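Below is one structure; the comments refer to it alone.
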Amino acid sequence: MKQSQLFTKTRWEDPADETSKNAKLLIRAGFIHKEMAGVYDYLPLGLKVLRKIENIIREEMNKIGGEEVLLTTLQSPDLWQKTDRWDENKVDNWFKTKLASGGDLGLANTHEEPITALLVHHLNSYKDFPKYIYQFQTKFRNELRAKSGIMRTREFLMKDLYSFSRNEEEFKEFYEKCATAYMNIFTRVGLGEVTFRTVASGGAFTSDFTDEFQTLSESGEDVIYVDKNKKIAINKEVYTDETLEKLDLNRSDLVEEKAIEVGNIFPLGTRYTDSLGLNFRDEDGLLHPVIMGSYGIGLGRLLGTIVEVLSDDGGIVWPKEVAPFSIHLVQIGISDEVKTVSENLYQTLIKNNIEVLFDDREASAGEKLADADLLGIPFRVVVSEKTLKAESFEIKKRASGEILYLNETELIELCQ
RNA sequence: CGGGCCGUAGUGUAACGGUAGCACGAAUGCUUUGGGAGCAUUUAGUCCGAGUUCAAAUCUCGGCGGCCCGACCA
């Protein structure tokens with residue numbers, strides 16, 4: 001797309017009402033807009049990144065047998081009363097409202113109850129299992145304190161998958177498969193090196209432990225202890241001699257780090273399936289409870305984490321797979337020749353299915369180059385009097401700063 | 001929810017209780033084009049409501065809103 005057509009503008013100064021790096025950069029670069037504390041809009045560039053993250057997650061969930069659905073965010077109290085979670089003392093961050101007819105209504109803060117109740121209508125026999133159902137859907141959480149830009153918001157898009165298995169063994173098998181899929185996701189979005197599967201507490205649920213995926217970052221809220229050789233970590237909340245022994249970890253191999261929780265997976269046992277009556281009959285006609293698991297990734301937080309971890313003094317640095325565009329074509333100078341050559345290159349790149357943002361604006365060179373750094377697209381390609389003389393295009397890699405001089409064919413190869 | 005700081009043009013910032021100013025942006029014109037260009041002209045503001053005072057952006061009270069620390073994060 002042509003940058004002159006993009007309605008968003010970059011800003012030179014940090015917003016006064018943000019202190020987190022993710023919010024400062026994303027707002028300055030025009031990826032998001034703040035509506036109020038903990039509530040943000042995604043603008044064209046931000047939405048492109050969000051969709052790319054979504055598609056990576058979708059591909060990985062489909063690979064392990066996930067079936068995608070879209071449940072409503074309007075929820076009836078009935079289901080939540082059955083599992084004893086409608087009470088404000090049990091779940092304190094509800095957004096609740098009323099129907100015109102007077103009945104209570106909840107805005108989804110999670111979807112365990114509705115998905116389980118829904119499946120009662122479809123799953124009956126041992127032949128129907130196992131099932132892995134997921135969605136990308138909005139969650140509303142009335143946080144007492146929204147914070148850290150888009151890392152902890154009151155409304156956010158989450159991928160939530162729920163597994164339904166016939167026994168513990170079948171459950172565990174999928175649980176491990178999903179853990180692997182999660183690492184694939186974090187690797188693809190550029191965070192593989194710094195993201196660790198982390199043992200955490202089981203909380204109110206049936207299991208001793210759950211697993212979190214924690215990305216090392218100074219801006220993280222969590223403290224974890226990392227064994228970098230074994231590529232595993234343990235959350236501070238369960239960092240005891242007893243746990244270490246169970247996990248066969250040594251204090252001397254562990255390094256304390258701050259980290260951002262970018263995903264979690266946890267066993268739910270029969271907590272919800274019991275309350276909501278999701279059972280199945282085996283070969284002998286006997287009734288058994290379904291074993292459930294839950295697997296979540298907050299898309300906005302993941303996007304924010306990429307910015308927190310990978311950006312530099314010049315601005316954002318998007319990894320290839322999530323960047324809004326592959327190439328930022330920057331036209332410097334306003335001579336007819338520069339205009340023609342850059343327009344032709346723009347058309348050629350489009351024909352080759354390369355996603356390109358073409359900075360065709362009549363702005364100064366300095367402004368355009370600074371904007372290119374801020375937006376963080378992986379390859380910056382300059383067309384100017386200088387490159388015309390050299391009869392090649394100048395390619396600068398955003399992440400490393402490396403500069404290459406290539407002809408059109410070489411440039412297209414580089415992108416594919 | 002406890003504590004702290006704060007709220008001024010679209011953005012970022014000044015102003016002792018006494019004329020609301022500067023920069024960026026935006027608009028027009030001319031020049032300029034490899035690291036946030038120059039000149040000229042123009043544009044636009046004190047969160048809301050009460051109170052104190054001759055006079056309030058400034059002081060007081062209430063409300064609303066923002067950031068940070070803590071608690072919380074099923």
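Just so we're on the same page: first chain in the structure tokens is A, next is B, and so on; residues restart at 1 for each chain, and ligands are numbered from 1 in the order they show up.
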
All alpha helix (DSSP H) positions in range 87-334 of chain A, as number ranges by chain = A: 112-120, 168-188, 241-247, 271-276, 299-310

Per-residue nearest contacts chain B to chain A, cut-off 9 Å, using only C-alpha atoms (C1' of nucleotides), as CSV:
```
residue,atom,partner,partner_atom,distance
B:C1,C1',A:Leu144,CA,7.6
B:U11,C1',A:Glu13,CA,7.4
B:G12,C1',A:Glu13,CA,6.4
B:C24,C1',A:Trp12,CA,8.0
B:U32,C1',A:Ser364,CA,8.6
B:U33,C1',A:Gly333,CA,5.0
B:G34,C1',A:Ala365,CA,6.0
B:G35,C1',A:Gly366,CA,4.0
B:G36,C1',A:Glu367,CA,4.4
B:A37,C1',A:Ser364,CA,7.1
B:G65,C1',A:Met36,CA,8.6
B:G66,C1',A:Asp17,CA,6.0
B:C67,C1',A:Asp17,CA,6.1
B:C68,C1',A:Thr19,CA,8.9
B:C72,C1',A:Leu144,CA,7.7
B:C73,C1',A:Glu143,CA,8.2
B:A74,C1',A:Val91,CA,5.8
```

Separation of CA of Ile403 in chain A from CA of Ser311 in chain A in Å |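 Taking CA of Ser311 in chain A as the start and CA of Ile403 in chain A as the end point, the length is 18.7 Å.
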
Just asking: which residues within range 52-113 of chain A are strand (DSSP E or B) according to DSSP, as a list in words?
->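 Written out, the strand (DSSP E or B) residues of range 52-113 of chain A are Glu67, Glu68, Leu74, Gln75, Phe95, Lys96, Thr97, Lys98, Asp104, Leu105, Gly106 and Leu107 of chain A.
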
Name the closest residue to Tyr175 in chain A among the candidates A:Asn89, A:Ser219, A:Gln214, A:Ser294; distances are taken between atoms, counting only C-alpha atoms.
-> A:Ser294

May I have the residues within 12 Å of G49 in chain B as a list in words, using only C-alpha atoms (C1' of nucleotides) and disregarding those fewer than 2 positions away in the same chain?
->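 Listing them by chain and then by number gives C47, G51, C61, G62, G63 and C64 of chain B.
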
Give me the residues within 12 Å of A40 in chain B as a ChimeraX atom specification, counting only C-alpha atoms (C1' of nucleotides) and dropping any in the same chain fewer than 6 places off.
-> /B:28-31

Take the selection from the previous step and output its residues with N, CA and C atoms (P, O5', C5', C4', C3', O3' and C1' of nucleotides), as an mmCIF file, in the first residue's frame.
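And here is the file that came out, result_36.cif:
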```cif
data_model
loop_
_atom_site.group_PDB
_atom_site.id
_atom_site.type_symbol
_atom_site.label_atom_id
_atom_site.label_comp_id
_atom_site.auth_asym_id
_atom_site.auth_seq_id
_atom_site.Cartn_x
_atom_site.Cartn_y
_atom_site.Cartn_z
ATOM 1 P P U B 28 -3.104 23.516 1.924
ATOM 2 O "O5'" U B 28 -2.712 25.033 1.659
ATOM 3 C "C5'" U B 28 -3.721 25.983 1.320
ATOM 4 C "C4'" U B 28 -3.096 27.342 1.163
ATOM 5 C "C3'" U B 28 -1.810 27.392 0.342
ATOM 6 O "O3'" U B 28 -2.057 27.370 -1.052
ATOM 7 C "C1'" U B 28 -1.540 28.669 2.306
ATOM 8 P P G B 29 -0.974 26.652 -2.007
ATOM 9 O "O5'" G B 29 0.174 27.762 -2.076
ATOM 10 C "C5'" G B 29 -0.105 29.043 -2.630
ATOM 11 C "C4'" G B 29 1.052 29.972 -2.395
ATOM 12 C "C3'" G B 29 2.417 29.441 -2.811
ATOM 13 O "O3'" G B 29 2.637 29.546 -4.204
ATOM 14 C "C1'" G B 29 2.578 30.461 -0.679
ATOM 15 P P C B 30 3.515 28.413 -4.947
ATOM 16 O "O5'" C B 30 5.008 28.814 -4.568
ATOM 17 C "C5'" C B 30 5.611 29.945 -5.186
ATOM 18 C "C4'" C B 30 6.874 30.332 -4.457
ATOM 19 C "C3'" C B 30 7.977 29.274 -4.421
ATOM 20 O "O3'" C B 30 8.711 29.186 -5.631
ATOM 21 C "C1'" C B 30 7.718 30.208 -2.277
ATOM 22 P P U B 31 9.265 27.708 -6.069
ATOM 23 O "O5'" U B 31 10.470 27.459 -5.067
ATOM 24 C "C5'" U B 31 11.674 28.235 -5.172
ATOM 25 C "C4'" U B 31 12.500 28.100 -3.919
ATOM 26 C "C3'" U B 31 13.129 26.730 -3.663
ATOM 27 O "O3'" U B 31 14.282 26.474 -4.455
ATOM 28 C "C1'" U B 31 12.199 27.555 -1.663
#
```

Surrounding residues of A55 in chain B excluding itself and chain neighbours under 2 positions, 9 Å, only C-alpha atoms (C1' of nucleotides), as an MDAnalysis selection string = chainID B and resid 17:18 53

Output file for the selection above: C-alpha atoms (C1' of nucleotides), as a compact mmCIF listing (two decimals), in the first residue's frame:
```txt
# COMPACT_ATOMS: atom_id res chain seq x y z
C1' G B 17 -3.25 34.47 42.59
C1' G B 18 -2.75 39.62 37.88
C1' U B 53 -11.02 36.44 45.95
```

Long-range neighbours of Gly269 in chain A as a list of chain:residue names, 10 Å cut-off, only C-alpha atoms (C1' of nucleotides), 4 positions minimum in chain | A:Phe164, A:Ser165, A:Asn167, A:Glu168, A:Phe171, A:Phe205, A:Thr206, A:Ser207, A:Thr273, A:Asp274, A:Pro289, A:Val290, A:Ile291, A:Met292, A:Gly293, A:Ser294

Deliver the residues from the most recent selection as a file, using N, CA and C atoms, as a PDB file, in the first residue's frame.
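Output (part34.pdb):
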```pdb
ATOM      1  N   PHE A 164     -10.902 -32.021  25.292  1.00  0.00           N
ATOM      2  CA  PHE A 164     -11.853 -32.920  25.939  1.00  0.00           C
ATOM      3  C   PHE A 164     -11.396 -34.351  25.679  1.00  0.00           C
ATOM      4  N   SER A 165     -10.955 -35.011  26.732  1.00  0.00           N
ATOM      5  CA  SER A 165     -10.358 -36.337  26.580  1.00  0.00           C
ATOM      6  C   SER A 165     -11.080 -37.354  27.449  1.00  0.00           C
ATOM      7  N   ASN A 167      -9.560 -39.935  29.141  1.00  0.00           N
ATOM      8  CA  ASN A 167      -8.835 -40.335  30.345  1.00  0.00           C
ATOM      9  C   ASN A 167      -7.575 -39.490  30.481  1.00  0.00           C
ATOM     10  N   GLU A 168      -6.911 -39.657  31.597  1.00  0.00           N
ATOM     11  CA  GLU A 168      -5.728 -38.844  31.901  1.00  0.00           C
ATOM     12  C   GLU A 168      -4.622 -39.011  30.873  1.00  0.00           C
ATOM     13  N   PHE A 171      -5.472 -37.195  27.775  1.00  0.00           N
ATOM     14  CA  PHE A 171      -5.344 -35.765  28.067  1.00  0.00           C
ATOM     15  C   PHE A 171      -3.883 -35.335  28.025  1.00  0.00           C
ATOM     16  N   PHE A 205      -7.332 -25.099  40.809  1.00  0.00           N
ATOM     17  CA  PHE A 205      -7.730 -26.243  40.007  1.00  0.00           C
ATOM     18  C   PHE A 205      -7.207 -27.560  40.558  1.00  0.00           C
ATOM     19  N   THR A 206      -7.490 -28.617  39.837  1.00  0.00           N
ATOM     20  CA  THR A 206      -7.271 -29.955  40.374  1.00  0.00           C
ATOM     21  C   THR A 206      -5.814 -30.398  40.392  1.00  0.00           C
ATOM     22  N   SER A 207      -4.988 -29.781  39.547  1.00  0.00           N
ATOM     23  CA  SER A 207      -3.634 -30.291  39.424  1.00  0.00           C
ATOM     24  C   SER A 207      -2.674 -29.580  40.367  1.00  0.00           C
ATOM     25  N   THR A 273     -16.722 -30.280  33.590  1.00  0.00           N
ATOM     26  CA  THR A 273     -17.534 -31.301  32.927  1.00  0.00           C
ATOM     27  C   THR A 273     -18.497 -31.954  33.919  1.00  0.00           C
ATOM     28  N   ASP A 274     -18.057 -32.108  35.171  1.00  0.00           N
ATOM     29  CA  ASP A 274     -18.946 -32.630  36.218  1.00  0.00           C
ATOM     30  C   ASP A 274     -20.122 -31.694  36.462  1.00  0.00           C
ATOM     31  N   PRO A 289     -16.904 -39.321  33.229  1.00  0.00           N
ATOM     32  CA  PRO A 289     -16.715 -37.871  33.100  1.00  0.00           C
ATOM     33  C   PRO A 289     -15.632 -37.572  32.064  1.00  0.00           C
ATOM     34  N   VAL A 290     -15.726 -36.416  31.463  1.00  0.00           N
ATOM     35  CA  VAL A 290     -14.741 -35.996  30.464  1.00  0.00           C
ATOM     36  C   VAL A 290     -13.622 -35.225  31.163  1.00  0.00           C
ATOM     37  N   ILE A 291     -12.377 -35.508  30.751  1.00  0.00           N
ATOM     38  CA  ILE A 291     -11.214 -34.797  31.298  1.00  0.00           C
ATOM     39  C   ILE A 291     -10.915 -33.594  30.410  1.00  0.00           C
ATOM     40  N   MET A 292     -10.802 -32.447  31.049  1.00  0.00           N
ATOM     41  CA  MET A 292     -10.715 -31.202  30.282  1.00  0.00           C
ATOM     42  C   MET A 292      -9.388 -30.481  30.520  1.00  0.00           C
ATOM     43  N   GLY A 293      -8.956 -29.744  29.511  1.00  0.00           N
ATOM     44  CA  GLY A 293      -7.770 -28.899  29.651  1.00  0.00           C
ATOM     45  C   GLY A 293      -8.024 -27.563  28.966  1.00  0.00           C
ATOM     46  N   SER A 294      -7.264 -26.550  29.354  1.00  0.00           N
ATOM     47  CA  SER A 294      -7.484 -25.212  28.810  1.00  0.00           C
ATOM     48  C   SER A 294      -6.149 -24.609  28.401  1.00  0.00           C
TER      49      SER A 294
END
```

Between CA of Gly46 in chain A and CA of Arg380 in chain A - distance in Å to one decimal = 18.6 Å

Skipping near chain neighbours, those fewer than 3 positions away, what residues fall within 9 Å of Val322 in chain A using only C-alpha atoms (C1' of nucleotides), listed as an mmCIF file with N, CA and C atoms, in the first residue's frame?
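Done, and the output landed in around_3.cif:
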```cif
data_model
loop_
_atom_site.group_PDB
_atom_site.id
_atom_site.type_symbol
_atom_site.label_atom_id
_atom_site.label_comp_id
_atom_site.auth_asym_id
_atom_site.auth_seq_id
_atom_site.Cartn_x
_atom_site.Cartn_y
_atom_site.Cartn_z
ATOM 1 N N LYS A 48 -2.866 -5.425 11.051
ATOM 2 C CA LYS A 48 -2.144 -6.365 10.183
ATOM 3 C C LYS A 48 -1.261 -7.292 11.012
ATOM 4 N N VAL A 49 -0.569 -6.724 11.983
ATOM 5 C CA VAL A 49 0.302 -7.544 12.837
ATOM 6 C C VAL A 49 -0.541 -8.521 13.652
ATOM 7 N N LEU A 50 -1.625 -7.996 14.207
ATOM 8 C CA LEU A 50 -2.501 -8.841 15.026
ATOM 9 C C LEU A 50 -3.031 -10.026 14.211
ATOM 10 N N ARG A 51 -3.408 -9.768 12.967
ATOM 11 C CA ARG A 51 -3.935 -10.836 12.107
ATOM 12 C C ARG A 51 -2.857 -11.864 11.768
ATOM 13 N N LYS A 52 -1.631 -11.390 11.604
ATOM 14 C CA LYS A 52 -0.546 -12.335 11.302
ATOM 15 C C LYS A 52 -0.282 -13.242 12.490
ATOM 16 N N ILE A 53 -0.290 -12.662 13.666
ATOM 17 C CA ILE A 53 -0.108 -13.464 14.878
ATOM 18 C C ILE A 53 -1.252 -14.475 14.966
ATOM 19 N N ILE A 56 -0.730 -17.376 12.547
ATOM 20 C CA ILE A 56 0.308 -18.309 12.988
ATOM 21 C C ILE A 56 -0.281 -19.249 14.042
ATOM 22 N N ARG A 188 7.999 -18.809 15.950
ATOM 23 C CA ARG A 188 7.615 -18.156 14.693
ATOM 24 C C ARG A 188 7.409 -16.654 14.844
ATOM 25 N N VAL A 189 6.940 -16.208 16.007
ATOM 26 C CA VAL A 189 6.761 -14.765 16.184
ATOM 27 C C VAL A 189 8.046 -14.078 16.650
ATOM 28 N N GLY A 190 9.142 -14.837 16.684
ATOM 29 C CA GLY A 190 10.442 -14.225 16.944
ATOM 30 C C GLY A 190 10.891 -14.244 18.392
ATOM 31 N N LEU A 303 1.685 -9.461 21.049
ATOM 32 C CA LEU A 303 2.132 -8.376 20.173
ATOM 33 C C LEU A 303 2.969 -7.374 20.974
ATOM 34 N N TRP A 318 10.080 -5.588 13.786
ATOM 35 C CA TRP A 318 9.184 -6.736 13.620
ATOM 36 C C TRP A 318 9.908 -7.922 13.022
ATOM 37 N N PRO A 319 9.736 -9.103 13.603
ATOM 38 C CA PRO A 319 10.227 -10.310 12.951
ATOM 39 C C PRO A 319 9.442 -10.510 11.649
ATOM 40 N N PHE A 325 4.294 -5.425 6.825
ATOM 41 C CA PHE A 325 4.730 -5.546 5.428
ATOM 42 C C PHE A 325 6.125 -6.159 5.427
#
```

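Pairwise distance (CA of Phe31 in chain A, CA of Ser217 in chain A) equals 21.5 Å.
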
Taking into account only C-alpha atoms, which residue in the set A:Leu43, A:Ala108, A:Ile133, A:Val307 is nearest to Tyr162 in chain A?
-> A:Ile133
